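> Here you go, coords38.txt (compact mmCIF, C-alpha atoms and all ligand atoms):
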```txt
# COMPACT_ATOMS: atom_id res chain seq x y z
CA MET A 1334 -108.37 -88.08 282.51
CA PHE A 1335 -107.08 -91.41 283.74
CA GLU A 1336 -107.26 -92.28 287.40
CA GLN A 1337 -103.94 -93.91 287.98
CA LEU A 1338 -104.89 -95.57 291.22
CA LEU A 1339 -105.94 -98.79 289.64
CA PHE A 1340 -102.78 -100.83 289.05
CA GLY A 1341 -100.45 -97.99 290.03
CA SER A 1342 -96.74 -98.53 289.86
CA GLY A 1343 -94.45 -100.89 291.70
CA SER A 1344 -91.84 -99.77 294.15
CA LYS A 1345 -88.94 -101.77 295.56
CA GLN A 1346 -90.18 -101.14 299.07
CA LEU A 1347 -93.72 -102.42 299.18
CA ILE A 1348 -95.83 -104.53 301.49
CA GLY A 1349 -98.56 -106.80 300.21
CA LEU A 1350 -101.70 -106.11 302.24
CA ASP A 1351 -104.55 -108.60 301.87
CA ILE A 1352 -107.65 -107.07 303.46
CA SER A 1353 -109.98 -110.03 303.22
CA SER A 1354 -113.27 -110.90 304.83
CA SER A 1355 -111.76 -112.58 307.90
CA SER A 1356 -108.36 -110.99 308.47
CA VAL A 1357 -105.65 -108.54 307.47
CA LYS A 1358 -102.43 -110.12 306.22
CA VAL A 1359 -99.20 -108.14 305.83
CA LEU A 1360 -96.30 -109.60 303.87
CA GLU A 1361 -93.04 -108.08 302.67
CA LEU A 1362 -90.65 -109.81 300.27
CA SER A 1363 -87.16 -109.01 299.06
CA LYS A 1364 -85.54 -110.48 295.97
CA LYS A 1365 -81.91 -111.25 295.16
CA GLY A 1366 -81.45 -112.60 291.65
CA VAL A 1367 -84.29 -115.10 291.30
CA ARG A 1368 -84.55 -115.88 294.99
CA TYR A 1369 -87.20 -114.34 297.18
CA GLN A 1370 -87.03 -113.87 300.90
CA VAL A 1371 -89.88 -113.14 303.31
CA GLU A 1372 -88.78 -110.09 305.29
CA ALA A 1373 -91.88 -109.41 307.38
CA TYR A 1374 -95.18 -111.09 308.14
CA ALA A 1375 -98.20 -110.67 310.40
CA ALA A 1376 -101.91 -111.45 310.27
CA GLU A 1377 -104.63 -110.05 312.49
CA PRO A 1378 -108.24 -111.25 312.58
CA LEU A 1379 -110.94 -108.71 311.70
CA PRO A 1380 -113.77 -108.35 314.21
CA ALA A 1381 -117.39 -108.88 313.20
CA GLY A 1382 -118.82 -105.74 311.56
CA ALA A 1383 -115.49 -104.57 310.13
CA MET A 1384 -116.17 -105.98 306.67
CA ASN A 1385 -119.28 -106.56 304.65
CA GLU A 1386 -118.08 -109.55 302.62
CA ARG A 1387 -115.36 -108.00 300.43
CA SER A 1388 -116.00 -104.33 301.11
CA ILE A 1389 -114.93 -102.35 304.15
CA ALA A 1390 -117.91 -101.58 306.37
CA ASP A 1391 -115.96 -99.67 309.02
CA PRO A 1392 -112.74 -98.00 307.77
CA LYS A 1393 -111.71 -96.90 311.28
CA LEU A 1394 -111.98 -100.42 312.69
CA VAL A 1395 -110.16 -101.92 309.69
CA GLY A 1396 -107.53 -99.14 309.77
CA ASP A 1397 -106.76 -99.95 313.41
CA VAL A 1398 -106.39 -103.66 312.62
CA ILE A 1399 -104.06 -102.83 309.70
CA ALA A 1400 -101.97 -100.60 311.98
CA ARG A 1401 -101.68 -103.44 314.52
CA ALA A 1402 -100.71 -105.97 311.85
CA VAL A 1403 -98.10 -103.63 310.34
CA SER A 1404 -96.62 -102.87 313.74
CA ARG A 1405 -96.47 -106.58 314.68
CA SER A 1406 -94.83 -107.39 311.35
CA GLY A 1407 -91.97 -105.04 312.22
CA THR A 1408 -91.79 -103.57 308.72
CA ALA A 1409 -90.76 -99.96 308.25
CA THR A 1410 -92.26 -99.80 304.77
CA GLN A 1411 -95.22 -97.49 304.31
CA ASN A 1412 -96.02 -98.29 300.69
CA ALA A 1413 -98.68 -100.92 300.25
CA ALA A 1414 -100.17 -102.97 297.46
CA VAL A 1415 -103.83 -103.79 298.09
CA ALA A 1416 -106.45 -105.59 296.03
CA VAL A 1417 -110.08 -105.05 295.18
CA SER A 1418 -112.44 -107.87 294.34
CA GLY A 1419 -116.02 -108.94 293.92
CA ALA A 1420 -118.93 -107.38 292.11
CA ALA A 1421 -117.49 -103.83 292.22
CA VAL A 1422 -114.66 -104.89 289.92
CA PHE A 1423 -114.81 -105.26 286.17
CA SER A 1424 -112.11 -106.34 283.76
CA LYS A 1425 -112.02 -107.32 280.13
CA ILE A 1426 -109.53 -107.77 277.32
CA ILE A 1427 -110.29 -105.25 274.55
CA GLU A 1428 -108.63 -104.75 271.18
CA ALA A 1429 -106.82 -101.69 269.81
CA PRO A 1430 -104.97 -101.02 266.57
CA ALA A 1431 -101.21 -101.34 267.20
CA SER A 1432 -100.60 -98.21 265.13
CA LEU A 1433 -102.13 -95.80 267.67
CA SER A 1434 -100.00 -93.20 269.45
CA PRO A 1435 -100.07 -93.36 273.27
CA ARG A 1436 -102.55 -90.48 273.30
CA GLU A 1437 -104.80 -92.06 270.70
CA LEU A 1438 -104.68 -95.31 272.63
CA GLU A 1439 -105.94 -93.52 275.76
CA GLU A 1440 -108.83 -92.06 273.78
CA HIS A 1441 -109.59 -95.43 272.25
CA VAL A 1442 -109.64 -97.09 275.69
CA GLN A 1443 -111.93 -94.39 277.04
CA MET A 1444 -114.43 -95.00 274.25
CA GLN A 1445 -114.27 -98.74 274.81
CA ALA A 1446 -114.67 -98.22 278.55
CA GLN A 1447 -117.88 -96.29 277.92
CA ASN A 1448 -119.20 -99.24 275.94
CA HIS A 1449 -118.07 -102.07 278.19
CA VAL A 1450 -117.91 -100.95 281.82
CA PRO A 1451 -121.31 -101.67 283.39
CA TYR A 1452 -121.24 -98.47 285.52
CA PRO A 1453 -121.17 -94.75 284.61
CA LEU A 1454 -117.50 -93.84 284.05
CA ASP A 1455 -117.59 -91.02 286.62
CA GLU A 1456 -118.39 -93.64 289.31
CA VAL A 1457 -115.35 -95.79 288.61
CA ASN A 1458 -111.57 -95.68 288.55
CA TYR A 1459 -110.34 -97.32 285.44
CA ASP A 1460 -107.01 -98.08 283.91
CA PHE A 1461 -105.46 -100.28 281.25
CA GLN A 1462 -102.37 -102.30 280.51
CA ILE A 1463 -101.12 -103.40 277.11
CA VAL A 1464 -101.04 -107.20 277.07
CA GLY A 1465 -99.29 -107.40 273.69
CA PRO A 1466 -99.91 -107.92 269.98
CA GLN A 1467 -102.25 -110.76 269.02
CA ALA A 1468 -100.29 -113.83 267.95
CA ASN A 1469 -102.14 -114.33 264.65
CA ASN A 1470 -102.76 -110.64 264.00
CA PRO A 1471 -99.85 -108.44 265.14
CA GLU A 1472 -101.57 -105.25 263.89
CA VAL A 1473 -104.02 -105.64 266.77
CA LEU A 1474 -103.08 -105.17 270.43
CA ASP A 1475 -104.80 -106.93 273.30
CA VAL A 1476 -105.36 -104.41 276.06
CA LEU A 1477 -106.53 -105.26 279.56
CA LEU A 1478 -109.19 -102.79 280.68
CA ALA A 1479 -109.94 -102.77 284.42
CA ALA A 1480 -112.46 -100.69 286.32
CA CYS A 1481 -113.52 -100.55 289.93
CA ARG A 1482 -116.25 -98.57 291.68
CA LYS A 1483 -114.69 -95.49 293.29
CA GLU A 1484 -116.10 -96.09 296.75
CA MET A 1485 -114.36 -99.47 296.89
CA ILE A 1486 -111.00 -97.77 296.38
CA GLU A 1487 -111.85 -94.80 298.62
CA GLN A 1488 -112.70 -97.13 301.53
CA ARG A 1489 -109.35 -98.84 301.16
CA GLN A 1490 -107.52 -95.52 300.94
CA ALA A 1491 -109.28 -94.33 304.09
CA ALA A 1492 -108.40 -97.47 306.04
CA LEU A 1493 -104.77 -97.34 304.87
CA GLU A 1494 -104.48 -93.68 305.79
CA ILE A 1495 -105.59 -94.42 309.35
CA ALA A 1496 -102.79 -96.97 309.52
CA GLY A 1497 -100.27 -94.45 308.11
CA LEU A 1498 -99.82 -96.34 304.83
CA LYS A 1499 -99.82 -95.19 301.22
CA PRO A 1500 -101.64 -97.27 298.60
CA LYS A 1501 -99.03 -97.52 295.84
CA VAL A 1502 -100.67 -100.33 293.91
CA VAL A 1503 -104.35 -101.22 293.69
CA ASP A 1504 -104.56 -104.61 292.06
CA ILE A 1505 -107.43 -106.91 291.26
CA GLU A 1506 -107.45 -109.86 293.63
CA LEU A 1507 -107.73 -112.46 290.87
CA TYR A 1508 -104.59 -111.04 289.21
CA ALA A 1509 -102.68 -111.01 292.48
CA LEU A 1510 -103.65 -114.66 292.87
CA GLU A 1511 -102.53 -115.43 289.31
CA ASN A 1512 -99.23 -113.70 290.03
CA ALA A 1513 -98.71 -115.91 293.10
CA CYS A 1514 -99.62 -119.07 291.15
CA GLN A 1515 -96.47 -118.53 289.09
CA LEU A 1516 -94.50 -119.03 292.28
CA LEU A 1517 -96.00 -122.51 292.82
CA SER A 1518 -94.40 -124.11 289.77
CA HIS A 1519 -91.92 -125.98 292.02
CA GLN A 1520 -94.84 -128.08 293.29
CA MET A 1521 -96.26 -128.93 289.89
CA PRO A 1522 -95.46 -132.03 287.83
CA ASP A 1523 -92.73 -131.09 285.29
CA GLN A 1524 -92.71 -127.60 286.88
CA GLY A 1525 -96.04 -127.01 285.15
CA THR A 1526 -94.66 -127.50 281.62
CA GLY A 1527 -97.44 -128.93 279.43
CA LYS A 1528 -99.61 -129.53 282.52
CA THR A 1529 -103.05 -128.30 283.47
CA VAL A 1530 -103.17 -127.32 287.14
CA ALA A 1531 -106.10 -125.99 289.17
CA VAL A 1532 -105.23 -123.70 292.07
CA VAL A 1533 -108.26 -123.61 294.38
CA ASP A 1534 -108.15 -120.89 297.06
CA ILE A 1535 -110.82 -121.54 299.68
CA GLY A 1536 -111.05 -118.49 301.93
CA ALA A 1537 -113.71 -117.53 304.44
CA THR A 1538 -116.43 -116.43 302.02
CA THR A 1539 -115.03 -116.93 298.54
CA THR A 1540 -113.48 -119.81 296.63
CA SER A 1541 -111.37 -118.80 293.62
CA VAL A 1542 -110.43 -121.34 291.01
CA THR A 1543 -107.49 -120.47 288.75
CA ILE A 1544 -106.63 -122.95 286.04
CA LEU A 1545 -103.17 -122.79 284.49
CA HIS A 1546 -101.96 -124.60 281.44
CA ASN A 1547 -98.23 -124.39 280.85
CA LEU A 1548 -98.27 -121.82 283.70
CA GLN A 1549 -100.55 -119.53 281.67
CA THR A 1550 -103.96 -118.78 283.13
CA VAL A 1551 -106.68 -120.29 280.98
CA TYR A 1552 -109.67 -119.89 283.29
CA THR A 1553 -110.71 -118.17 286.51
CA ARG A 1554 -113.90 -118.28 288.48
CA GLU A 1555 -115.04 -117.16 291.92
CA GLN A 1556 -117.84 -118.76 293.85
CA GLN A 1557 -119.44 -117.94 297.17
CA PHE A 1558 -118.25 -120.75 299.39
CA GLY A 1559 -115.76 -120.82 302.23
CA GLY A 1560 -114.67 -121.56 305.76
CA LYS A 1561 -117.04 -119.05 307.33
CA GLN A 1562 -119.60 -121.83 306.93
CA LEU A 1563 -117.38 -124.17 308.96
CA THR A 1564 -116.85 -121.56 311.67
CA GLU A 1565 -120.63 -121.00 311.83
CA ASP A 1566 -121.25 -124.77 311.99
CA ILE A 1567 -118.91 -124.97 315.01
CA MET A 1568 -120.59 -121.94 316.56
CA ARG A 1569 -124.07 -123.48 316.27
CA HIS A 1570 -123.12 -127.03 317.14
CA TYR A 1571 -121.24 -126.12 320.31
CA ALA A 1572 -123.16 -122.93 321.21
CA MET A 1573 -120.05 -120.71 321.03
CA SER A 1574 -119.67 -117.12 319.85
CA PHE A 1575 -118.36 -116.69 316.29
CA ASP A 1576 -115.02 -115.37 317.54
CA ASP A 1577 -114.57 -118.28 320.00
CA ALA A 1578 -115.48 -120.78 317.27
CA TYR A 1579 -112.85 -119.21 314.99
CA LYS A 1580 -110.23 -119.35 317.74
CA ALA A 1581 -111.04 -123.00 318.45
CA LEU A 1582 -110.78 -123.83 314.75
CA ARG A 1583 -107.44 -122.06 314.39
CA SER A 1584 -105.94 -123.67 317.49
CA GLY A 1585 -107.41 -127.12 316.83
CA ASN A 1586 -108.82 -127.06 320.35
CA LEU A 1587 -112.15 -128.70 319.52
CA PRO A 1588 -114.37 -131.36 321.15
CA ASP A 1589 -113.87 -135.04 320.23
CA THR A 1590 -117.12 -135.11 318.28
CA TYR A 1591 -115.94 -132.29 315.97
CA GLU A 1592 -114.69 -134.53 313.19
CA THR A 1593 -117.71 -136.77 312.88
CA GLU A 1594 -120.43 -134.26 313.73
CA VAL A 1595 -119.16 -131.08 312.04
CA LEU A 1596 -116.07 -131.42 309.88
CA THR A 1597 -117.06 -134.42 307.73
CA SER A 1598 -120.02 -132.65 306.21
CA PHE A 1599 -117.99 -129.50 305.46
CA VAL A 1600 -115.25 -131.57 303.82
CA ASN A 1601 -117.90 -133.30 301.68
CA ASP A 1602 -119.35 -129.93 300.66
CA THR A 1603 -115.86 -128.71 299.76
CA GLY A 1604 -115.27 -131.76 297.55
CA GLN A 1605 -118.58 -131.18 295.84
CA GLN A 1606 -117.81 -127.48 295.27
CA ILE A 1607 -114.43 -128.25 293.69
CA ASP A 1608 -115.90 -131.03 291.58
CA ARG A 1609 -118.61 -128.66 290.34
CA ALA A 1610 -116.11 -125.87 289.62
CA LEU A 1611 -114.03 -128.22 287.47
CA GLN A 1612 -117.14 -129.41 285.62
CA PHE A 1613 -117.93 -125.74 284.85
CA PHE A 1614 -114.43 -125.34 283.46
CA PHE A 1615 -114.69 -128.44 281.27
CA SER A 1616 -118.07 -127.38 279.94
CA ALA A 1617 -116.77 -123.87 279.13
CA SER A 1618 -113.68 -125.23 277.37
CA THR A 1619 -113.30 -126.86 274.01
CA GLU A 1620 -109.64 -127.60 274.60
CA PHE A 1621 -109.34 -129.14 278.06
CA THR A 1622 -110.75 -132.42 279.33
CA HIS A 1623 -108.25 -133.26 282.02
CA ILE A 1624 -106.65 -131.71 285.13
CA ASP A 1625 -103.20 -132.98 286.12
CA GLN A 1626 -103.11 -131.56 289.63
CA ILE A 1627 -105.08 -129.56 292.19
CA LEU A 1628 -103.23 -127.20 294.53
CA LEU A 1629 -105.33 -126.22 297.55
CA ALA A 1630 -104.90 -122.77 299.06
CA GLY A 1631 -106.71 -120.42 301.43
CA GLY A 1632 -107.23 -120.95 305.16
CA CYS A 1633 -109.36 -124.03 304.50
CA ALA A 1634 -106.40 -125.85 302.92
CA GLN A 1635 -105.16 -126.21 306.52
CA ILE A 1636 -107.94 -128.69 307.29
CA THR A 1637 -106.18 -131.97 308.12
CA ASN A 1638 -106.24 -134.43 305.21
CA LEU A 1639 -108.41 -132.25 302.97
CA ASP A 1640 -105.87 -132.84 300.17
CA THR A 1641 -106.14 -136.64 300.58
CA HIS A 1642 -109.93 -136.46 300.60
CA ILE A 1643 -110.02 -134.37 297.40
CA HIS A 1644 -107.46 -136.65 295.73
CA GLU A 1645 -109.54 -139.74 296.49
CA ARG A 1646 -112.86 -138.19 295.64
CA LEU A 1647 -111.88 -136.60 292.31
CA ASN A 1648 -109.08 -138.99 291.45
CA ILE A 1649 -106.75 -136.04 290.75
CA PRO A 1650 -103.43 -135.62 292.59
CA CYS A 1651 -103.88 -132.89 295.17
CA ALA A 1652 -101.49 -131.01 297.46
CA VAL A 1653 -101.52 -127.95 299.69
CA ALA A 1654 -99.96 -124.83 298.13
CA ARG A 1655 -96.58 -123.94 299.62
CA PRO A 1656 -95.58 -120.53 298.23
CA PHE A 1657 -92.63 -120.17 300.61
CA ALA A 1658 -91.05 -123.60 300.09
CA GLN A 1659 -88.31 -122.13 297.92
CA MET A 1660 -87.99 -118.77 299.63
CA GLY A 1661 -85.76 -117.69 302.46
CA VAL A 1662 -87.48 -116.48 305.61
CA ALA A 1663 -85.98 -113.78 307.83
CA ALA A 1664 -86.06 -114.61 311.54
CA ARG A 1665 -88.24 -111.59 312.31
CA ALA A 1666 -90.90 -112.85 309.87
CA LYS A 1667 -91.89 -115.48 312.47
CA PRO A 1668 -91.05 -118.59 310.41
CA GLN A 1669 -93.19 -120.96 312.52
CA GLN A 1670 -96.37 -118.91 312.29
CA LEU A 1671 -95.66 -118.23 308.62
CA ALA A 1672 -95.39 -121.97 307.93
CA LYS A 1673 -98.74 -122.57 309.65
CA ASP A 1674 -100.51 -119.84 307.68
CA GLU A 1675 -98.67 -120.47 304.40
CA SER A 1676 -101.60 -121.68 302.30
CA ALA A 1677 -103.73 -118.63 303.20
CA LEU A 1678 -101.14 -116.15 301.95
CA LEU A 1679 -101.31 -116.48 298.16
CA VAL A 1680 -103.02 -113.13 297.61
CA ALA A 1681 -100.58 -111.42 299.99
CA VAL A 1682 -97.66 -113.05 298.13
CA GLY A 1683 -99.01 -111.94 294.74
CA LEU A 1684 -99.39 -108.38 296.04
CA ALA A 1685 -95.98 -108.27 297.74
CA ALA A 1686 -94.33 -109.55 294.54
CA ARG A 1687 -95.65 -106.46 292.70
CA ALA A 1688 -92.58 -104.73 294.15
CA PHE A 1689 -90.49 -106.49 291.48
CA ASP A 1690 -92.71 -105.99 288.39
N1 LIG B 1 -106.29 -124.16 311.04
C1 LIG B 1 -107.40 -124.14 310.31
N2 LIG B 1 -108.07 -125.25 310.06
C2 LIG B 1 -109.17 -125.23 309.31
N3 LIG B 1 -109.71 -124.13 308.78
C3 LIG B 1 -109.10 -122.99 309.00
C4 LIG B 1 -107.93 -122.93 309.76
N4 LIG B 1 -107.54 -121.67 309.79
C5 LIG B 1 -108.45 -120.98 309.08
N5 LIG B 1 -109.40 -121.76 308.61
C6 LIG B 1 -110.54 -121.38 307.79
O1 LIG B 1 -110.06 -120.54 306.77
C7 LIG B 1 -110.85 -119.37 306.64
C8 LIG B 1 -109.95 -118.18 306.44
O2 LIG B 1 -109.15 -118.40 305.30
P1 LIG B 1 -108.50 -117.20 304.50
O3 LIG B 1 -107.62 -116.44 305.41
O4 LIG B 1 -107.93 -117.76 303.28
O5 LIG B 1 -109.81 -116.37 304.20
P2 LIG B 1 -109.97 -114.86 303.72
O6 LIG B 1 -108.90 -114.55 302.75
O7 LIG B 1 -110.11 -113.99 304.92
O8 LIG B 1 -111.40 -114.95 303.04
P3 LIG B 1 -111.92 -114.39 301.65
O9 LIG B 1 -110.78 -114.51 300.68
O10 LIG B 1 -113.08 -115.27 301.34
O11 LIG B 1 -112.31 -112.98 301.93
C9 LIG B 1 -111.68 -119.25 307.89
O12 LIG B 1 -113.02 -119.01 307.54
C10 LIG B 1 -111.55 -120.59 308.58
O13 LIG B 1 -112.78 -121.26 308.55
MG MG B 2 -108.69 -114.56 300.67
```
Translate the structure of the given file into structure tokens.

Amino acid sequence: MFEQLLFGSGSKQLIGLDISSSSVKVLELSKKGVRYQVEAYAAEPLPAGAMNERSIADPKLVGDVIARAVSRSGTATQNAAVAVSGAAVFSKIIEAPASLSPRELEEHVQMQAQNHVPYPLDEVNYDFQIVGPQANNPEVLDVLLAACRKEMIEQRQAALEIAGLKPKVVDIELYALENACQLLSHQMPDQGTGKTVAVVDIGATTTSVTILHNLQTVYTREQQFGGKQLTEDIMRHYAMSFDDAYKALRSGNLPDTYETEVLTSFVNDTGQQIDRALQFFFSASTEFTHIDQILLAGGCAQITNLDTHIHERLNIPCAVARPFAQMGVAARAKPQQLAKDESALLVAVGLAARAFD
């Protein structure tokens, strides 16, 4: 009755595979005691037409890029954790009596799924995880119900199969991000204790805002904004192809006028987007009126001085997320490239860390 492919189960040998709108990122971690080490890493850009925003438009093309990334990473692991995201994904905390047997709980969840999931159940994979008893009402369990349209998962399976990988875990991108946020506590004031921290991941098409209080997630929101706009601005302004504009951006090999004529306006837009996202949070919350720190992530966090700009504009301390600062890095994981790409790897880190759940 239950399609186990959503969530799935961890495995000690697992690569985190972030198939995002602009690239494929492969990351493998190991863990000794509490210390993580990066064992393998590679990222490969996705050509135009491979993705349609967050869904795979061409599984063969994406499968070939995954295969290349896996081979360059040097990993021998074939088990992968991938994520789904966007409008095809639904999740909600539902309630269940704590007295139910496992079988009764499954039936209860199925009934609730029929009521809550906004698609016919035969068009989705769905699964659930027990969050735990409610603090003020231990007879009631909070249960996380998650559903995803089948084709979204099938496309990922198809692409992984072409690359010779097995999808062991299918996570929801926001949860993978939340998982990685836990590994940023070393950057937070008082290690996050008693603090409210916004982790803002600015990718190519999507900006995700995760707000943690005391390291617990209190709010998440995705908005359609990202560095694709910057790449397109460069493309138009200097009459380049999209791929050349992206290469120029990544290498920093840009004309002298780039900062004043292109970048400044994107940086201003970014500040405005973050400001607006935080206002949304404050207006949705009765409890929070203050953010202690912003951690910037995603490829756009690599824009020089973006953290300083955001700090000055919003008057909130701001830094670039460094998920690997307290991890070891194996020589074959290309430490220099890894350090350059660090901020863009939060989702990959969250997925790779599923190996140790
Ligand atoms: N060195 C850099 N300097 C400035 N911007 C960069 C740099 N490298 C990448 N970017 C920007 O970051 C974006 C890619 O970031 P990231 O890898 O986080 O996106 P993604 O995960 O593919 O996107 P999404 O999560 O929206 O699907 C690109 O659109 C690019 O504009
Ligand atoms: Mg991303």
> Using Å and a single decimal, report how far CA of Ile1535 in chain A sits from atom P3 of ligand LIG 1 (chain B).
7.5 Å
> Would you list the residues near (-112.4, -127.6, 305.9) (no more than 10 Å away, in the coordinates of the file, using only C-alpha atoms) as a ChimeraX atom specification?
/A:1535,1559-1564,1582,1595-1604,1632-1639
> Could you check which of A:Thr1553, A:Gln1612, A:Thr1590, A:Thr1540 is closest to Ala1630 in chain A, using only C-alpha atoms?
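Residue with the minimum atom-to-atom distance to Ala1630 in chain A: A:Thr1540.
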> Within 9 Å of ligand MG 2 (chain B), which residues show up when you count all atoms listed in the file? List them as a list in words, please.
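Using all atoms listed in the file, I find these residues within 9 Å of ligand MG 2 (chain B): Asp1351, Ile1352, Ser1353, Ser1354, Ser1355, Ser1356, Glu1506, Asp1534, Ile1535, Gly1536, Ala1537, Thr1538, Thr1539, Thr1540, Ser1541, Gly1631, Gly1632, Ala1677, Leu1678, Leu1679, Val1680 and Ala1681 of chain A.
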> Could you check how far CA of Ala1402 in chain A sits from atom C2 of ligand LIG 1 (chain B), in Å to one decimal?
21.2 Å
> For CA of Cys1514 in chain A and CA of Pro1471 in chain A, determine how far apart the two atoms are, in Å to one decimal place.
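Straight-line distance from CA of Cys1514 in chain A to CA of Pro1471 in chain A works out to 28.1 Å.
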> Would you list the residues near (-101.9, -94.9, 305.3) (no more than 10 Å away, in the coordinates of the file, using only C-alpha atoms) as a list of chain:residue names?
A:Gly1396, A:Ile1399, A:Ala1400, A:Gln1411, A:Asn1412, A:Ala1413, A:Arg1489, A:Gln1490, A:Ala1491, A:Ala1492, A:Leu1493, A:Glu1494, A:Ile1495, A:Ala1496, A:Gly1497, A:Leu1498, A:Lys1499, A:Pro1500
> Nearest residue to ligand LIG 1 (chain B) out of A:Asp1504, A:Glu1675, A:Asp1523, A:Glu1484, using all atoms listed in the file?
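Looking only at the distances to ligand LIG 1 (chain B), the closest residue turns out to be A:Glu1675.
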> Compare A:Ile1426, A:Ala1421, A:Leu1510, A:Ala1446 by their minimum atom-to-atom distance to Met1485 in chain A, counting only C-alpha atoms, and give me the closest one.
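Answer, going by the shortest atom-to-atom distance: A:Ala1421.
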> Using only C-alpha atoms, which residue out of A:Arg1482, A:Asn1586, A:Gly1419, A:Val1502 lies closest to Leu1347 in chain A?
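Distance minimum relative to Leu1347 in chain A lands on A:Val1502.
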> Once 8 Å is added on each side, what centre and edge lengths in Å to one decimal does the axis-aligned box around all listed atoms of ligand LIG 1 (chain B) have, as AutoDock Vina command-line options?

```
--center_x -109.7 --center_y -119.1 --center_z 305.9 --size_x 22.8 --size_y 28.3 --size_z 26.4
```
> Can you sort out range 1631-1648 of chain A so it carries N, CA and C atoms, written as a compact mmCIF listing (two decimals), in the frame of the given file?

```
# COMPACT_ATOMS: atom_id res chain seq x y z
N GLY A 1631 -105.74 -121.04 300.54
CA GLY A 1631 -106.71 -120.42 301.43
C GLY A 1631 -106.63 -121.06 302.81
N GLY A 1632 -107.25 -120.44 303.79
CA GLY A 1632 -107.23 -120.95 305.16
C GLY A 1632 -107.77 -122.37 305.25
N CYS A 1633 -108.74 -122.70 304.41
CA CYS A 1633 -109.36 -124.03 304.50
C CYS A 1633 -108.43 -125.15 304.07
N ALA A 1634 -107.36 -124.82 303.32
CA ALA A 1634 -106.40 -125.85 302.92
C ALA A 1634 -105.69 -126.42 304.14
N GLN A 1635 -105.81 -125.72 305.29
CA GLN A 1635 -105.16 -126.21 306.52
C GLN A 1635 -105.96 -127.31 307.21
N ILE A 1636 -107.15 -127.59 306.72
CA ILE A 1636 -107.94 -128.69 307.29
C ILE A 1636 -107.19 -130.01 307.08
N THR A 1637 -106.98 -130.73 308.17
CA THR A 1637 -106.18 -131.97 308.12
C THR A 1637 -106.75 -132.94 307.09
N ASN A 1638 -105.89 -133.40 306.21
CA ASN A 1638 -106.24 -134.43 305.21
C ASN A 1638 -107.23 -133.98 304.14
N LEU A 1639 -107.50 -132.68 304.04
CA LEU A 1639 -108.41 -132.25 302.97
C LEU A 1639 -107.83 -132.62 301.60
N ASP A 1640 -106.50 -132.50 301.46
CA ASP A 1640 -105.87 -132.84 300.17
C ASP A 1640 -106.08 -134.32 299.82
N THR A 1641 -105.93 -135.20 300.82
CA THR A 1641 -106.14 -136.64 300.58
C THR A 1641 -107.59 -136.91 300.18
N HIS A 1642 -108.51 -136.27 300.90
CA HIS A 1642 -109.93 -136.46 300.60
C HIS A 1642 -110.25 -136.06 299.15
N ILE A 1643 -109.74 -134.88 298.75
CA ILE A 1643 -110.02 -134.37 297.40
C ILE A 1643 -109.37 -135.30 296.36
N HIS A 1644 -108.15 -135.74 296.64
CA HIS A 1644 -107.46 -136.65 295.73
C HIS A 1644 -108.30 -137.91 295.50
N GLU A 1645 -108.78 -138.49 296.61
CA GLU A 1645 -109.54 -139.74 296.49
C GLU A 1645 -110.89 -139.52 295.82
N ARG A 1646 -111.52 -138.43 296.17
CA ARG A 1646 -112.86 -138.19 295.64
C ARG A 1646 -112.85 -137.87 294.14
N LEU A 1647 -111.89 -137.04 293.71
CA LEU A 1647 -111.88 -136.60 292.31
C LEU A 1647 -110.88 -137.38 291.46
N ASN A 1648 -110.10 -138.22 292.15
CA ASN A 1648 -109.08 -138.99 291.45
C ASN A 1648 -108.10 -138.10 290.67
```
